[in-house]
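Report on the following structure.
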Amino acid sequence: LHRSAPALLGKAMNVSFEFFPPRSGDMESQLWESVMRLAPFNPDFVSVTYGAGGSTRQPTLATVRRLLSETELKPAAHLTCVNSTRDQVDAVAREFWNAGVRHFVALRGDSPDGIGKRYRPHPEGYGNAAELVAGLKAFADFEISVSAYPEKHPESPDFMTDIDMLKRKVDNGATRAITQFFFDNDSYERYVERVRRAGIYIPIVPGILPIHNFGQVAEFAGRCGASIPGWLAQRFEGLDNDPQTRALVSATVAADQVMDLVERGVQDFHFYTMNRAQLVYAICHLLGLRAPVTGTPVTGNAAA
Ligand code: FAD
């Protein structure tokens, strides 16, 4: 880690945090404890995910409203267009606009048949994320972030098709891409080079997923086209029943990844927090960010 100390000197790191809307009272407490614990890092924005087909419209909206009314944070709402007509999506966008949202993470969403299954757009819907970006921009001058896939999206036959979709999203008004999570920094670097060669100059912000449960992450990675390097699986080997060691290993893995990206010149990071603060807090600290010291010992969900 000490290798990265010189790389950090004098650099301002920008972070953003992703949360998902809670499904129960307990999850709600965990979410808000995590939000409050991470808020002092002054993120560029905090984003709230959206269930494909609008399944979390109300909870996403409620979470964003609470962020706007109770914190100084700038929320970004995720929005998907799968399984919805254009009118339905536009109505949701209007609802968010009326609530005070000015930033969307605009996404197509997964096929209702499952990740990687052939996507069929709604006959009266937006066909893909690029069309959604255009629709949102036609409605209001939202700030728009979109997805990017360093190891390509599972539906893309090749990288050129994938990057072509990113280009269309940028041409329609997206000003930031957030990547799918990845663990191989070389693949991220190669992807950014490809993107730049295609004439795309918006920030390609790495999406960092601290690993809370290796089995779940490996399973999810398999479905969404992210690779799990052999060394990573090896690090978690035999730790299924040892959560404390697992947490220490997770912290090391995530810190190594982020500090290596800093060495490669990355200054913006998006964290998939999974509504848990501890690992992300530690990584932000390593990045040189500091929250005011309160003198109160940290306990409870925010420490988990
Ligand atoms: P698009 O950008 O429209 O397409 C993705 C890729 O698929 C393209 O790169 C393109 O090459 C390929 N493709 C598209 N159409 C075709 C075609 N006809 N033929 C060949 N290839 C094609 N999902 C949720 O449900 N809710 C969320 O809140 C959410 N948040 C996310 C946040 C981030 C940062 C990321 C990276 C993903 C998120 N997802 C979310 C998952 C996302 O919805 C899925 O990955 C989905 O499968 C693709 O959505 P997209 O916006 O990337 O699609």
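By order in the structure tokens, chains are A, B, ...; within a chain, residues start at 1; ligands start at 1, following the order shown.
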- Query: Which polymer residues have any atom within 10 Å of an atom of Val262 in chain A, counting only C-alpha atoms, with same-chain residues fewer than 4 positions away left out, as an MDAnalysis selection string?
  - Reply: chainID A and resid 4:5 7:8 11 13 256:258 266:269 287
Any chance you could export the current selection's N, CA, C and O atoms as an mmCIF file, in the first residue's frame?
```
data_model
loop_
_atom_site.group_PDB
_atom_site.id
_atom_site.type_symbol
_atom_site.label_atom_id
_atom_site.label_comp_id
_atom_site.auth_asym_id
_atom_site.auth_seq_id
_atom_site.Cartn_x
_atom_site.Cartn_y
_atom_site.Cartn_z
ATOM 1 N N SER A 4 1.515 3.547 -2.937
ATOM 2 C CA SER A 4 0.584 4.529 -3.486
ATOM 3 C C SER A 4 0.665 5.879 -2.789
ATOM 4 O O SER A 4 0.093 6.836 -3.283
ATOM 5 N N ALA A 5 1.352 5.956 -1.669
ATOM 6 C CA ALA A 5 1.370 7.223 -0.944
ATOM 7 C C ALA A 5 1.855 8.377 -1.827
ATOM 8 O O ALA A 5 1.190 9.413 -1.899
ATOM 9 N N ALA A 7 1.640 8.672 -4.995
ATOM 10 C CA ALA A 7 0.624 8.933 -6.030
ATOM 11 C C ALA A 7 -0.524 9.758 -5.466
ATOM 12 O O ALA A 7 -1.198 10.492 -6.190
ATOM 13 N N LEU A 8 -0.769 9.624 -4.172
ATOM 14 C CA LEU A 8 -1.895 10.345 -3.567
ATOM 15 C C LEU A 8 -1.565 11.807 -3.269
ATOM 16 O O LEU A 8 -2.467 12.630 -3.170
ATOM 17 N N LYS A 11 -3.351 15.082 -4.624
ATOM 18 C CA LYS A 11 -4.466 14.776 -5.541
ATOM 19 C C LYS A 11 -5.788 14.824 -4.800
ATOM 20 O O LYS A 11 -5.888 14.296 -3.690
ATOM 21 N N MET A 13 -9.294 13.345 -4.446
ATOM 22 C CA MET A 13 -10.059 12.185 -4.873
ATOM 23 C C MET A 13 -11.549 12.527 -4.834
ATOM 24 O O MET A 13 -12.018 13.179 -3.901
ATOM 25 N N ASP A 256 -6.201 -2.781 -2.042
ATOM 26 C CA ASP A 256 -5.185 -3.035 -3.083
ATOM 27 C C ASP A 256 -5.693 -2.567 -4.444
ATOM 28 O O ASP A 256 -4.977 -1.926 -5.201
ATOM 29 N N GLN A 257 -6.941 -2.927 -4.731
ATOM 30 C CA GLN A 257 -7.476 -2.576 -6.050
ATOM 31 C C GLN A 257 -7.526 -1.057 -6.244
ATOM 32 O O GLN A 257 -7.106 -0.528 -7.273
ATOM 33 N N VAL A 258 -8.051 -0.379 -5.228
ATOM 34 C CA VAL A 258 -8.234 1.065 -5.357
ATOM 35 C C VAL A 258 -6.871 1.775 -5.407
ATOM 36 O O VAL A 258 -6.662 2.682 -6.218
ATOM 37 N N VAL A 266 -6.161 7.121 -11.619
ATOM 38 C CA VAL A 266 -7.607 7.302 -11.406
ATOM 39 C C VAL A 266 -7.850 8.194 -10.180
ATOM 40 O O VAL A 266 -7.193 8.034 -9.153
ATOM 41 N N GLN A 267 -8.762 9.146 -10.307
ATOM 42 C CA GLN A 267 -9.076 10.036 -9.181
ATOM 43 C C GLN A 267 -10.556 10.005 -8.782
ATOM 44 O O GLN A 267 -10.935 10.593 -7.778
ATOM 45 N N ASP A 268 -11.395 9.381 -9.612
ATOM 46 C CA ASP A 268 -12.832 9.308 -9.308
ATOM 47 C C ASP A 268 -13.205 7.852 -9.028
ATOM 48 O O ASP A 268 -12.825 6.960 -9.801
ATOM 49 N N PHE A 269 -13.945 7.634 -7.980
ATOM 50 C CA PHE A 269 -14.361 6.265 -7.625
ATOM 51 C C PHE A 269 -15.839 6.243 -7.256
ATOM 52 O O PHE A 269 -16.307 7.125 -6.524
ATOM 53 N N LEU A 287 -7.763 6.576 0.825
ATOM 54 C CA LEU A 287 -7.645 7.492 -0.320
ATOM 55 C C LEU A 287 -7.288 8.909 0.130
ATOM 56 O O LEU A 287 -7.153 9.811 -0.692
#
```
Once you count only C-alpha atoms and all ligand atoms, which residues end up within 7 Å of ligand 1, and could you hand them over as an mmCIF file with C-alpha atoms, in the first residue's frame?
```cif
data_model
loop_
_atom_site.group_PDB
_atom_site.id
_atom_site.type_symbol
_atom_site.label_atom_id
_atom_site.label_comp_id
_atom_site.auth_asym_id
_atom_site.auth_seq_id
_atom_site.Cartn_x
_atom_site.Cartn_y
_atom_site.Cartn_z
ATOM 1 C CA VAL A 48 -30.130 5.086 -5.383
ATOM 2 C CA THR A 49 -30.842 2.006 -7.491
ATOM 3 C CA TYR A 50 -34.136 1.298 -9.233
ATOM 4 C CA GLY A 51 -35.746 -2.114 -9.658
ATOM 5 C CA ALA A 52 -36.098 -3.163 -13.286
ATOM 6 C CA HIS A 78 -31.213 5.261 -11.195
ATOM 7 C CA LEU A 79 -33.945 4.770 -13.786
ATOM 8 C CA THR A 80 -34.541 1.767 -16.043
ATOM 9 C CA VAL A 105 -28.209 7.107 -13.807
ATOM 10 C CA ALA A 106 -30.038 6.060 -16.994
ATOM 11 C CA LEU A 107 -30.177 2.319 -17.643
ATOM 12 C CA ARG A 108 -31.954 -0.131 -19.858
ATOM 13 C CA GLY A 109 -32.307 -2.847 -17.221
ATOM 14 C CA ASP A 110 -32.062 -6.612 -17.573
ATOM 15 C CA SER A 111 -34.357 -8.835 -19.563
ATOM 16 C CA ILE A 115 -29.450 -11.402 -16.856
ATOM 17 C CA GLY A 116 -27.844 -12.265 -20.184
ATOM 18 C CA ASN A 128 -32.055 0.811 -24.959
ATOM 19 C CA ALA A 129 -30.275 3.165 -22.599
ATOM 20 C CA ALA A 130 -29.215 5.509 -25.424
ATOM 21 C CA VAL A 146 -24.732 5.765 -17.734
ATOM 22 C CA SER A 147 -23.244 2.290 -17.430
ATOM 23 C CA ALA A 148 -20.020 1.003 -18.969
ATOM 24 C CA TYR A 149 -18.618 -2.531 -19.096
ATOM 25 C CA LYS A 152 -18.146 -5.932 -22.110
ATOM 26 C CA HIS A 153 -21.818 -6.542 -21.469
ATOM 27 C CA GLU A 155 -25.163 -9.350 -24.676
ATOM 28 C CA SER A 156 -22.467 -7.542 -26.682
ATOM 29 C CA PRO A 157 -20.908 -9.750 -29.350
ATOM 30 C CA THR A 161 -20.568 -3.120 -30.332
ATOM 31 C CA ASP A 162 -20.361 -2.386 -26.642
ATOM 32 C CA ILE A 163 -18.389 0.835 -27.031
ATOM 33 C CA ASP A 164 -20.629 1.892 -29.889
ATOM 34 C CA MET A 165 -23.575 1.798 -27.453
ATOM 35 C CA LEU A 166 -21.610 3.921 -24.986
ATOM 36 C CA ILE A 178 -19.896 4.305 -14.169
ATOM 37 C CA THR A 179 -18.471 0.860 -14.750
ATOM 38 C CA GLN A 180 -19.810 -2.515 -13.812
ATOM 39 C CA GLY A 207 -17.396 0.983 -9.914
ATOM 40 C CA CYS A 224 -23.201 -10.158 -15.503
#
```
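Note that CA of Glu263 in chain A and CA of Ile208 in chain A are 15.7 Å apart.
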- Query: CA of Lys137 in chain A and CA of Thr175 in chain A are how many Å apart?
  - Reply: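 Computed distance, CA of Lys137 in chain A to CA of Thr175 in chain A, equals 11.6 Å.
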- Task: Output as a count of residues only all residues of range 85-179 of chain A that backbone DSSP marks as strand (DSSP E or B).
- Result: 15
- Quick one, how far is CA of Pro59 in chain A from CA of Ser24 in chain A? 10.4 Å
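In terms of minimum interatomic distance to Arg102 in chain A, A:Ser47 ranks closest within A:Ser47, A:Thr71, A:Thr245, A:Ser34, counting only C-alpha atoms.
Distance annotation: of A:Arg276, A:Met259, A:Lys74, A:Lys117, the residue with the minimal separation from Ser29 in chain A is A:Arg276; atom set is only C-alpha atoms.
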- Query: Quick one: of A:Val280, A:Ala251, A:Ala62, A:Cys81, who's nearest to Glu28 in chain A, counting only C-alpha atoms?
  - Reply: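 Looking only at the distances to Glu28 in chain A, the closest residue turns out to be A:Ala62.
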